[in-house]
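*Asks:* Dropping the structure in here first, questions after.
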Amino acid sequence: MGWNTDLRWRLPVICLLLQVVLVVLFGVFVRYDPDADAHWIEERLSKNMSSDLDNEFYFRYPSFQDVHVMIFVGFGFLMTFLQRYGFSAVGFNFLLAAFGIQWALLMQGWLNSFEGNYILVGVENLINADFCVGSVCVAFGAVLGKVSPVQLLIMTLFQVTLFAVNEYILLELLEVKDAGGSMTIHTFGAYFGLTVTRILYRPNLYQSKERQSSVYHSDLFAMIGTLFLWMFWPSFNSAVSNHGDAQHRAVINTYCSLAACVLTSVALSSALQKKGKLDMVHIQNATLAGGVAVGTAAEMMLMPYGALIVGFICGIISTLGFVYLTPFLESHLGIQDTCGIHNLHGIPGIIGGIVGAVTAACANTEMYGKKGLAHAFDPESFKASWTASLQGKFQAAGLFVSLAMALVGGFIVGFILKLPFWGQAADENCFEDAVYWEMPKEQNMTHHSEDPTLKPSEP
Amino acid sequence: MGWNTDLRWRLPVICLLLQVVLVVLFGVFVRYDPDADAHWIEERLSKNMSSDLDNEFYFRYPSFQDVHVMIFVGFGFLMTFLQRYGFSAVGFNFLLAAFGIQWALLMQGWLNSFEGNYILVGVENLINADFCVGSVCVAFGAVLGKVSPVQLLIMTLFQVTLFAVNEYILLELLEVKDAGGSMTIHTFGAYFGLTVTRILYRPNLYQSKERQSSVYHSDLFAMIGTLFLWMFWPSFNSAVSNHGDAQHRAVINTYCSLAACVLTSVALSSALQKKGKLDMVHIQNATLAGGVAVGTAAEMMLMPYGALIVGFICGIISTLGFVYLTPFLESHLGIQDTCGIHNLHGIPGIIGGIVGAVTAACANTEMYGKKGLAHAFDPESFKASWTASLQGKFQAAGLFVSLAMALVGGFIVGFILKLPFWGQAADENCFEDAVYWEMPKEQNMTHHSEDPTLKPSEP
Amino acid sequence: MGWNTDLRWRLPVICLLLQVVLVVLFGVFVRYDPDADAHWIEERLSKNMSSDLDNEFYFRYPSFQDVHVMIFVGFGFLMTFLQRYGFSAVGFNFLLAAFGIQWALLMQGWLNSFEGNYILVGVENLINADFCVGSVCVAFGAVLGKVSPVQLLIMTLFQVTLFAVNEYILLELLEVKDAGGSMTIHTFGAYFGLTVTRILYRPNLYQSKERQSSVYHSDLFAMIGTLFLWMFWPSFNSAVSNHGDAQHRAVINTYCSLAACVLTSVALSSALQKKGKLDMVHIQNATLAGGVAVGTAAEMMLMPYGALIVGFICGIISTLGFVYLTPFLESHLGIQDTCGIHNLHGIPGIIGGIVGAVTAACANTEMYGKKGLAHAFDPESFKASWTASLQGKFQAAGLFVSLAMALVGGFIVGFILKLPFWGQAADENCFEDAVYWEMPKEQNMTHHSEDPTLKPSEP
């Protein structure tokens, strides 16, 4: 399985082609949302809005920037843990996300914000585009080190498309609530990525095993990613919730779940090592599972202790997954999951979908108030036929749809990516930046410390 | 002083036990603040609030996220400067903070937000919990490299408890102002930590001295921590101030103080080295002293030049402390202060308390306006008996109470931590990640640069 | 060209002197903006403002913090790519920025916010001070590795002064729009820095060439800078725009331009390398050119596809510049541009000025609405004589003024910095931290991995 990894024409052509198409499509379809259009001042006056602050921008922009950091620094650096794949982790993540957000603005726009022949783009669209790309970043974790940037761009193209369709089915047709994307982002992204990596199975990957591990400083770089993901996850789960109490509540629930998750991840990491030592892989990943698993229910009346319980359980399950499940999946099912996304996004995503369904099914007017219940579950057209248990069932259905879309989509896209001309590396050259990057000459740093060349001449 | 450092049962048991207790206590006591509860929409309408923006969330959330970054990335990475203790610095800080914020929500809740049998949690509680944990992160700096994660969890348990009590005495009983926590966070945290490290004195710590220093890249990691602390300190000092001008003013004062502090830290660092070279330790730490020292007065009418003067002085004193005081404390008083928190939080904290007392004592209606004065010092129940000088005296009293609580508390907790079964390392194994972490195999990176394995086969 | 690099007296004296002067000038001139003054509560009530949120603080503070991160972490870490100059990159950037923001508050205050003998400082001033320093950070990129911290402080002193004058001419006299500073920040900063580095030409710089390159981890540190600049650039370009739609629109345009820029930078980077491999220098720098080039037009009705086109072009031009222009400038014109700021800030800045002029010249009431047009281009005193094409001409004039100021200013300041007593290093000691920093002893990390010293004794 050795192919030509020289991307000199393939990568430039695909990048430029995609970008030209995007420019044309933006020219035809994309305009500013009324809140971002210069006519807004007239609209504001005509609508008697008292303040410029009523612009949607001020409700969502701080959350948007936090989500933006999660996508580019969070996911990018989380994947720098490999000793010789830091350039690719950060750089390819940067590339696929920069392409993905543009394509997501179009796809999500056509399906959700298409008004009078135009996609009207505002800050909420930017957040949703980042969310969509988040699911590609998740899938990237499964194939990390084994695919070329050309493959990543193609995967992004298809995955964003499928994401938008799946999201449309869930949010518009099934009227499911999924503010933090347990189902649409994490479950879909994880099982899509796992299916792709299964199809791209590399039988001789053991030849690259010595590079599929970290070094001391690469683990510290990865912690930058972990912490920015962990800290900003409350913004992630609340970014597109309803104004006011829903955003506020989503933050509190996510904060609680994540905090609990850290303690149980540490506990299990230590308990599962024979000398009780902690494993950086668990601290970098399992501590985040609590954020994934409250994605759906965070904006609901989950209650702080409910969030703690979710985080508690996910820290345990996720760490167990890293220790037992990942090796099993690799050896028995041929699923080579580089970052262990099944443990961080797959299982916690499913748990999140279930928690969301149960929390929704338990909603009642005592807990939410009558107006609050209508506001939380269907602000625009609260139907007489709505019941909490029905909502719960639709939530569960949404989970299954996401799984099905991920598996079928991943299967097809996997085979497309398997085609032999995308510049993928041979099995013995995986997890190696030098395949796609000009590498700096490594100077022996210790040599320098004596500073023999440094004899500053006096005047 | 050699003990068993295998934490296989101790760490998991304490983590799980603490988390189970937290879940139960949250279940019994913690509910959402009205601004985060689904009933809020009804409340908003009944109170005739014009906009969702009146939700407390929008006043505080951006500041909260900045504070959150300071606690987890700021403190965590600041302590990665040691060459072989980066995993522990970031990882243990992560662990203790994740536990501490949960316990702080309860302790501070019982004392300050307990209403009708419930603690009502909103974004301000999250900020205060982060603040409380900030004081534990400060204390962690003193014992860094010398304690086990089990000891840290126990220290956090007690320190958060004492912090909440001390905060209650200052803010509720003495009606002291301390928005940025010069007294409650920094003075208390520093002297608590210094007392603990004194009790835990390690006579043979010199055996680990070769690891108690930095390497080139560990110093750069530490600068990530320094800069995020420095940049977001204005958010820290303004996060819980009154809405409007007080938050605005606290930001300006902190910005000014920090900027001045950088110049005087650099000046002293260069002046105190025989060849005029700068010391990374000073740049990483002393530059932050200005933020600590305007913690109390930042929201007051300190005036921008007042803030500059505070920063000016603290940069000098803090750098002098690193050069002269820390070695003295270690050799003469047996205080082994790994990060030099006495220079960054101890002395600047005391200065901050004094500056706050003096600034409060100088407050008058000319400077604040009549309404402004009432608003700044006691918005709810402005007493007829209130005078600025009285406020100043209470501020000073608050400083002494904080110091007393820190010393007494640190003394007791120090002896608890001295018990021989918490998994602490021997004197010759301090400042070493390998005691508590599975370490990656270090590959000689220079080896790779030639990239001998990389012969991409052609198709 | 060997001088005494011992800064023991020079650096401390200049730092302390500058800071003392700043304290005095702040004492005489700087007071709080009404929105940050304790009298605000009275003003708010008298003006019948409905909410504390009308305080300017809440419109701008999140953007301010993002800009702050760009200046200190963004620029600081971007320049850590050199293998042995990370301390200086981050540390000197920290120093010059901390001084520069104080001096900018004064200079910009005297010229723009001087009311009744006082400079009234609020959050917008803080942002503008950060912007001003941003132009110094740009210039620092040209001279990186070749100047002493004393020279940097002197350069900052003069450049901030000239920046404020240039900004005054553009914004106040020519009434130019330049929210994101394509002209005032980037064009001015870049050509100022390039002129300075030309005057400081070092004929024997090749003697330091082996250090003028990166190592593996220094490139990853630099990516931290790149990503924080990239992510927060939408905040940069929108931070001082009009409230409401203008801020909102500036964010969308910048987001689009930056995304497109990534794809074309990657395309060109790969196409220009003979084996199609990517060059970290391009990913670190050229990907940002799109943000520079929409600086002026971001708040205008550029349209999303217009932003994409700008980013598209700049990614290409910037990468071409790194490959062909920078070596040419060095070998033929004697311009030693360490970071290639000509490609990241120079050319994209000029493009940004032109794009702004054209976009302004095309403005019409159909696109903006009548009120919107007045609001966008001259909210206070919309003159009858105003026409879009006139605005376009003034925009173009602003670009030429900025270029002229940069070249003349850089010429003069260059000669001041050329004086032989500022502690600059010899040509063979450039790009070397050890000249100005106490260096940690480098331990061979590989030595440690076996952990031979670690035999934890049992109890």
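Just so we're on the same page: first chain in the structure tokens is A, next is B, and so on; residues restart at 1 for each chain, and ligands are numbered from 1 in the order they show up.
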With a distance cut-off of 10 Å and only C-alpha atoms, select the neighbouring residues of C:Leu278, excluding the residue or stretch itself and same-chain residues fewer than 3 positions from it, and output the selection as a ChimeraX atom specification.
*Replies:* /A:7-8,11,87-88,91,433-439 /C:265-273,275,281-283
*Asks:* Could you save those same residues with N, CA, C and O atoms as a short mmCIF file (atom, residue, chain, number, x, y, z; two decimals), in the first residue's frame?
*Replies:*
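Everything below was put into result-v4.cif:
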data_model
loop_
_atom_site.label_atom_id
_atom_site.label_comp_id
_atom_site.auth_asym_id
_atom_site.auth_seq_id
_atom_site.Cartn_x
_atom_site.Cartn_y
_atom_site.Cartn_z
N LEU A 7 2.08 15.80 -3.35
CA LEU A 7 0.78 16.44 -3.60
C LEU A 7 0.90 17.70 -4.43
O LEU A 7 -0.01 18.50 -4.48
N ARG A 8 2.05 17.89 -5.08
CA ARG A 8 2.31 19.19 -5.69
C ARG A 8 1.20 19.69 -6.58
O ARG A 8 0.91 20.87 -6.62
N LEU A 11 -3.01 18.76 -4.34
CA LEU A 11 -3.48 19.61 -3.25
C LEU A 11 -3.78 21.04 -3.71
O LEU A 11 -4.85 21.57 -3.42
N PHE A 87 2.65 19.15 13.26
CA PHE A 87 2.38 20.07 12.14
C PHE A 87 1.08 19.67 11.44
O PHE A 87 0.23 20.50 11.14
N SER A 88 0.96 18.38 11.19
CA SER A 88 -0.22 17.90 10.48
C SER A 88 -1.47 18.05 11.34
O SER A 88 -2.53 18.43 10.84
N GLY A 91 -2.07 21.80 11.49
CA GLY A 91 -2.17 22.40 10.16
C GLY A 91 -3.32 21.85 9.34
O GLY A 91 -4.06 22.60 8.70
N ASP A 433 5.05 13.71 10.04
CA ASP A 433 4.91 15.01 9.38
C ASP A 433 5.73 15.12 8.10
O ASP A 433 5.35 15.81 7.16
N ALA A 434 6.88 14.46 8.08
CA ALA A 434 7.81 14.67 6.98
C ALA A 434 7.25 14.26 5.62
O ALA A 434 7.77 14.66 4.58
N VAL A 435 6.16 13.49 5.64
CA VAL A 435 5.56 13.08 4.37
C VAL A 435 4.97 14.28 3.63
O VAL A 435 5.06 14.40 2.42
N TYR A 436 4.37 15.19 4.41
CA TYR A 436 3.65 16.30 3.78
C TYR A 436 4.22 17.67 4.11
O TYR A 436 3.70 18.68 3.66
N TRP A 437 5.25 17.72 4.94
CA TRP A 437 5.77 19.01 5.39
C TRP A 437 7.27 19.09 5.17
O TRP A 437 7.98 18.13 5.39
N GLU A 438 7.71 20.27 4.79
CA GLU A 438 9.14 20.54 4.88
C GLU A 438 9.51 20.60 6.34
O GLU A 438 8.92 21.37 7.10
N MET A 439 10.50 19.81 6.73
CA MET A 439 10.81 19.74 8.15
C MET A 439 12.01 20.62 8.48
O MET A 439 12.98 20.69 7.73
N SER C 265 -3.44 29.86 0.62
CA SER C 265 -2.07 29.78 1.16
C SER C 265 -1.55 28.35 1.09
O SER C 265 -0.41 28.12 0.68
N VAL C 266 -2.39 27.41 1.49
CA VAL C 266 -1.99 26.01 1.44
C VAL C 266 -1.72 25.60 -0.01
O VAL C 266 -0.72 24.94 -0.30
N ALA C 267 -2.60 26.01 -0.91
CA ALA C 267 -2.43 25.66 -2.32
C ALA C 267 -1.08 26.15 -2.84
O ALA C 267 -0.31 25.39 -3.43
N LEU C 268 -0.79 27.41 -2.59
CA LEU C 268 0.46 27.96 -3.12
C LEU C 268 1.68 27.37 -2.44
O LEU C 268 2.71 27.13 -3.06
N SER C 269 1.57 27.16 -1.12
CA SER C 269 2.70 26.60 -0.40
C SER C 269 3.09 25.26 -0.99
O SER C 269 4.27 24.97 -1.19
N SER C 270 2.10 24.44 -1.28
CA SER C 270 2.37 23.12 -1.85
C SER C 270 2.86 23.24 -3.29
O SER C 270 3.82 22.58 -3.69
N ALA C 271 2.24 24.11 -4.06
CA ALA C 271 2.60 24.23 -5.48
C ALA C 271 4.01 24.75 -5.68
O ALA C 271 4.66 24.45 -6.68
N LEU C 272 4.50 25.53 -4.72
CA LEU C 272 5.80 26.18 -4.91
C LEU C 272 6.96 25.35 -4.37
O LEU C 272 8.11 25.78 -4.46
N GLN C 273 6.65 24.20 -3.77
CA GLN C 273 7.73 23.35 -3.28
C GLN C 273 7.89 22.18 -4.24
O GLN C 273 6.88 21.60 -4.68
N LYS C 275 8.57 19.11 -4.11
CA LYS C 275 7.89 17.85 -3.82
C LYS C 275 6.47 18.05 -3.30
O LYS C 275 5.85 17.12 -2.77
N VAL C 281 6.24 28.14 7.46
CA VAL C 281 6.28 29.60 7.40
C VAL C 281 5.03 30.15 6.73
O VAL C 281 4.45 31.14 7.18
N HIS C 282 4.59 29.50 5.67
CA HIS C 282 3.41 29.99 4.96
C HIS C 282 2.15 29.77 5.78
O HIS C 282 1.27 30.64 5.83
N ILE C 283 2.07 28.60 6.40
CA ILE C 283 0.87 28.30 7.19
C ILE C 283 0.79 29.26 8.38
O ILE C 283 -0.28 29.71 8.78
#
*Asks:* Residues of chain B were defined as contacting chain C if any atom lay at most 6 Å from it, counting only C-alpha atoms; please report them as a tab-separated table (two decimals) with N, CA and C atoms, in the first residue's frame.
*Replies:*
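And here's selection.tsv as it stands now:
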chain	number	residue	atom	x	y	z
B	2	GLY	N	10.94	8.27	53.01
B	2	GLY	CA	10.50	7.61	51.80
B	2	GLY	C	9.22	6.85	52.04
B	3	TRP	N	8.17	7.19	51.24
B	3	TRP	CA	6.91	6.51	51.43
B	3	TRP	C	6.49	5.82	50.15
B	4	ASN	N	5.45	5.06	50.28
B	4	ASN	CA	4.89	4.38	49.12
B	4	ASN	C	4.14	5.40	48.26
B	214	SER	N	14.32	25.03	35.12
B	214	SER	CA	13.58	24.92	33.87
B	214	SER	C	14.48	24.41	32.75
B	215	VAL	N	13.86	24.05	31.63
B	215	VAL	CA	14.59	23.91	30.38
B	215	VAL	C	13.99	24.91	29.41
B	244	GLY	N	-21.92	48.07	35.26
B	244	GLY	CA	-21.70	49.41	34.75
B	244	GLY	C	-20.33	49.98	35.07
B	245	ASP	N	-20.31	51.16	35.64
B	245	ASP	CA	-19.04	51.86	35.80
B	245	ASP	C	-18.03	51.09	36.66
B	248	HIS	N	-16.28	48.55	34.55
B	248	HIS	CA	-15.50	49.31	33.58
B	248	HIS	C	-14.21	49.87	34.23
B	249	ARG	N	-14.39	50.45	35.38
B	249	ARG	CA	-13.27	51.08	36.08
B	249	ARG	C	-12.25	50.05	36.55
B	259	ALA	N	0.44	46.99	33.27
B	259	ALA	CA	1.38	47.51	32.28
B	259	ALA	C	2.60	48.11	32.97
B	263	LEU	N	7.21	46.94	33.19
B	263	LEU	CA	8.43	47.73	33.00
B	263	LEU	C	9.35	47.70	34.22
B	267	ALA	N	13.07	46.08	34.54
B	267	ALA	CA	14.16	46.94	35.02
B	267	ALA	C	14.93	46.27	36.16
B	270	SER	N	16.93	43.02	35.18
B	270	SER	CA	18.20	43.32	34.52
B	270	SER	C	19.20	43.91	35.50
B	271	ALA	N	18.74	44.81	36.34
B	271	ALA	CA	19.66	45.50	37.26
B	271	ALA	C	20.27	44.55	38.28
B	275	LYS	N	25.44	40.61	34.70
B	275	LYS	CA	25.65	41.01	33.31
B	275	LYS	C	24.43	41.68	32.69
B	276	GLY	N	23.47	42.04	33.53
B	276	GLY	CA	22.30	42.76	33.03
B	276	GLY	C	21.33	41.89	32.26
B	277	LYS	N	21.46	40.57	32.38
B	277	LYS	CA	20.56	39.69	31.64
B	277	LYS	C	19.25	39.50	32.39
B	278	LEU	N	18.20	39.27	31.61
B	278	LEU	CA	16.88	39.08	32.20
B	278	LEU	C	16.72	37.64	32.67
B	279	ASP	N	15.93	37.48	33.73
B	279	ASP	CA	15.65	36.16	34.28
B	279	ASP	C	14.20	35.81	34.00
B	305	TYR	N	-3.52	56.93	37.35
B	305	TYR	CA	-2.15	57.11	37.82
B	305	TYR	C	-1.92	56.38	39.14
B	368	TYR	N	-17.04	60.53	44.06
B	368	TYR	CA	-17.98	59.49	43.63
B	368	TYR	C	-19.35	60.03	43.27
B	369	GLY	N	-19.67	61.22	43.69
B	369	GLY	CA	-21.08	61.63	43.65
B	369	GLY	C	-21.80	60.98	44.79
B	372	GLY	N	-23.27	57.71	43.72
B	372	GLY	CA	-22.16	56.83	43.35
B	372	GLY	C	-21.47	56.25	44.57
B	442	GLU	N	11.04	8.76	25.65
B	442	GLU	CA	11.61	9.88	24.92
B	442	GLU	C	12.42	9.35	23.75
*Asks:* For stretch 390-404 of chain B, find every residue with an atom within 10 Å (counting only C-alpha atoms), except residues of its own chain fewer than 6 positions away, and show them as a PyMOL selection string.
*Replies:* chain B and resi 162-163+166-167+169-171+173-178+182-192+296+346+349-363+377+410
*Asks:* Output N, CA and C atoms of each residue in that selection to a file, as a compact mmCIF listing (two decimals), in the first residue's frame.
*Replies:*
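Done, and the output landed in again.txt:
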# COMPACT_ATOMS: atom_id res chain seq x y z
N LEU B 162 -12.07 26.86 54.46
CA LEU B 162 -11.58 28.03 55.19
C LEU B 162 -11.75 29.30 54.37
N PHE B 163 -11.51 29.20 53.07
CA PHE B 163 -11.69 30.36 52.20
C PHE B 163 -13.11 30.90 52.32
N ASN B 166 -13.64 32.58 55.65
CA ASN B 166 -12.92 33.86 55.69
C ASN B 166 -13.64 34.90 54.81
N GLU B 167 -14.05 34.47 53.63
CA GLU B 167 -14.76 35.37 52.73
C GLU B 167 -16.06 35.86 53.37
N ILE B 169 -16.70 36.14 56.58
CA ILE B 169 -16.37 37.12 57.64
C ILE B 169 -16.09 38.47 57.01
N LEU B 170 -15.27 38.49 55.96
CA LEU B 170 -14.89 39.77 55.36
C LEU B 170 -16.06 40.46 54.68
N LEU B 171 -16.69 39.73 53.75
CA LEU B 171 -17.69 40.40 52.90
C LEU B 171 -19.01 40.62 53.61
N LEU B 173 -19.72 40.04 57.28
CA LEU B 173 -19.69 40.58 58.64
C LEU B 173 -18.98 41.92 58.69
N LEU B 174 -17.79 41.99 58.10
CA LEU B 174 -17.04 43.26 58.13
C LEU B 174 -17.46 44.18 56.99
N GLU B 175 -18.24 43.70 56.07
CA GLU B 175 -18.70 44.47 54.91
C GLU B 175 -17.54 45.14 54.16
N VAL B 176 -16.52 44.35 54.01
CA VAL B 176 -15.32 44.79 53.31
C VAL B 176 -15.55 44.68 51.80
N LYS B 177 -14.94 45.54 50.99
CA LYS B 177 -14.95 45.41 49.54
C LYS B 177 -13.65 44.70 49.11
N ASP B 178 -13.79 43.69 48.29
CA ASP B 178 -12.58 43.00 47.84
C ASP B 178 -12.87 42.27 46.52
N SER B 182 -7.61 40.70 46.58
CA SER B 182 -6.25 40.87 47.13
C SER B 182 -6.13 40.18 48.48
N MET B 183 -7.16 40.35 49.30
CA MET B 183 -7.11 39.76 50.65
C MET B 183 -7.64 38.34 50.66
N THR B 184 -8.86 38.15 50.13
CA THR B 184 -9.49 36.84 50.27
C THR B 184 -8.80 35.77 49.42
N ILE B 185 -8.33 36.15 48.25
CA ILE B 185 -7.73 35.15 47.37
C ILE B 185 -6.21 35.10 47.54
N HIS B 186 -5.55 36.25 47.32
CA HIS B 186 -4.10 36.22 47.23
C HIS B 186 -3.41 36.16 48.59
N THR B 187 -3.75 37.08 49.48
CA THR B 187 -3.12 37.05 50.80
C THR B 187 -3.43 35.74 51.51
N PHE B 188 -4.72 35.39 51.53
CA PHE B 188 -5.10 34.16 52.20
C PHE B 188 -4.43 32.95 51.54
N GLY B 189 -4.52 32.86 50.22
CA GLY B 189 -3.95 31.71 49.52
C GLY B 189 -2.45 31.59 49.72
N ALA B 190 -1.76 32.73 49.65
CA ALA B 190 -0.31 32.70 49.73
C ALA B 190 0.16 32.30 51.13
N TYR B 191 -0.38 32.94 52.15
CA TYR B 191 0.13 32.62 53.49
C TYR B 191 -0.35 31.27 53.97
N PHE B 192 -1.50 30.84 53.49
CA PHE B 192 -1.92 29.47 53.76
C PHE B 192 -0.93 28.49 53.15
N THR B 296 -8.15 44.73 45.40
CA THR B 296 -9.18 45.33 46.26
C THR B 296 -9.64 46.68 45.72
N GLY B 346 1.83 36.88 47.99
CA GLY B 346 1.88 37.24 49.40
C GLY B 346 2.03 38.74 49.62
N GLY B 349 -0.39 40.87 47.71
CA GLY B 349 -1.72 40.76 48.31
C GLY B 349 -1.87 41.70 49.49
N ILE B 350 -0.85 41.72 50.34
CA ILE B 350 -0.90 42.63 51.49
C ILE B 350 -0.92 44.08 51.02
N ILE B 351 -0.07 44.38 50.05
CA ILE B 351 -0.08 45.75 49.49
C ILE B 351 -1.48 46.07 48.96
N GLY B 352 -2.08 45.09 48.29
CA GLY B 352 -3.42 45.29 47.75
C GLY B 352 -4.43 45.59 48.83
N GLY B 353 -4.32 44.88 49.95
CA GLY B 353 -5.23 45.13 51.06
C GLY B 353 -5.06 46.54 51.60
N ILE B 354 -3.81 46.96 51.73
CA ILE B 354 -3.52 48.30 52.26
C ILE B 354 -4.00 49.37 51.28
N VAL B 355 -3.67 49.17 50.00
CA VAL B 355 -4.11 50.15 48.99
C VAL B 355 -5.63 50.26 49.01
N GLY B 356 -6.30 49.12 49.14
CA GLY B 356 -7.76 49.13 49.19
C GLY B 356 -8.27 49.90 50.41
N ALA B 357 -7.65 49.68 51.56
CA ALA B 357 -8.08 50.36 52.78
C ALA B 357 -7.89 51.86 52.64
N VAL B 358 -6.73 52.27 52.12
CA VAL B 358 -6.45 53.70 51.98
C VAL B 358 -7.40 54.33 50.96
N THR B 359 -7.58 53.65 49.83
CA THR B 359 -8.47 54.20 48.80
C THR B 359 -9.89 54.32 49.32
N ALA B 360 -10.33 53.33 50.06
CA ALA B 360 -11.68 53.40 50.62
C ALA B 360 -11.78 54.54 51.63
N ALA B 361 -10.75 54.69 52.45
CA ALA B 361 -10.78 55.73 53.49
C ALA B 361 -10.79 57.12 52.88
N CYS B 362 -10.29 57.24 51.66
CA CYS B 362 -10.24 58.55 50.99
C CYS B 362 -11.50 58.84 50.17
N ALA B 363 -12.41 57.89 50.11
CA ALA B 363 -13.60 58.09 49.27
C ALA B 363 -14.43 59.27 49.78
N PHE B 377 -20.18 51.50 47.75
CA PHE B 377 -19.79 50.85 49.00
C PHE B 377 -20.89 50.07 49.69
N GLY B 410 -3.40 27.09 57.74
CA GLY B 410 -2.26 26.43 57.11
C GLY B 410 -1.52 25.55 58.09
*Asks:* I'd like the neighbourhood of B:Leu144 as a ChimeraX atom specification, where a residue qualifies if any of its atoms comes within 8 Å (using only C-alpha atoms), though same-chain residues fewer than 4 positions away should be ignored.
*Replies:* /B:79,89,140,338-339,431
*Asks:* Can you measure atom CA of C:Ala425 to atom CA of C:Leu78 for me? One decimal in Å is fine.
*Replies:*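 So the answer is 22.3 Å.
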*Asks:* Within 10 Å of A:Cys314, counting only C-alpha atoms, which residues qualify if same-chain residues fewer than 2 places away don't, as a VMD selection string?
*Replies:* chain A and resid 257 to 258 260 to 262 264 to 265 286 to 294 308 to 312 316 to 320 343 to 344 347 to 349 351 to 352
*Asks:* As a list in words, please: every residue in stretch 17-196 of chain B that DSSP puts in strand (DSSP E or B).
*Replies:*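 DSSP on the backbone gives strand (DSSP E or B) at Val30, Arg31, Tyr32, Phe114, Glu115, Tyr118, Ile119, Leu120 and Val121 of chain B.
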*Asks:* Grab the atom CA of C:Gly141 to atom CA of A:Met70 distance for me, in Å with one decimal place.
*Replies:*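 Value for the atom CA of C:Gly141-atom CA of A:Met70 distance: 27.6 Å.
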*Asks:* Select from stretch 102-298 of chain B everything DSSP, run on the backbone, classes as alpha helix (DSSP H), then give the selection as an NGL selection string.
*Replies:* :B and (102-112 or 123-143 or 149-167 or 188-199 or 216-238 or 245-271 or 280-285 or 289-293)
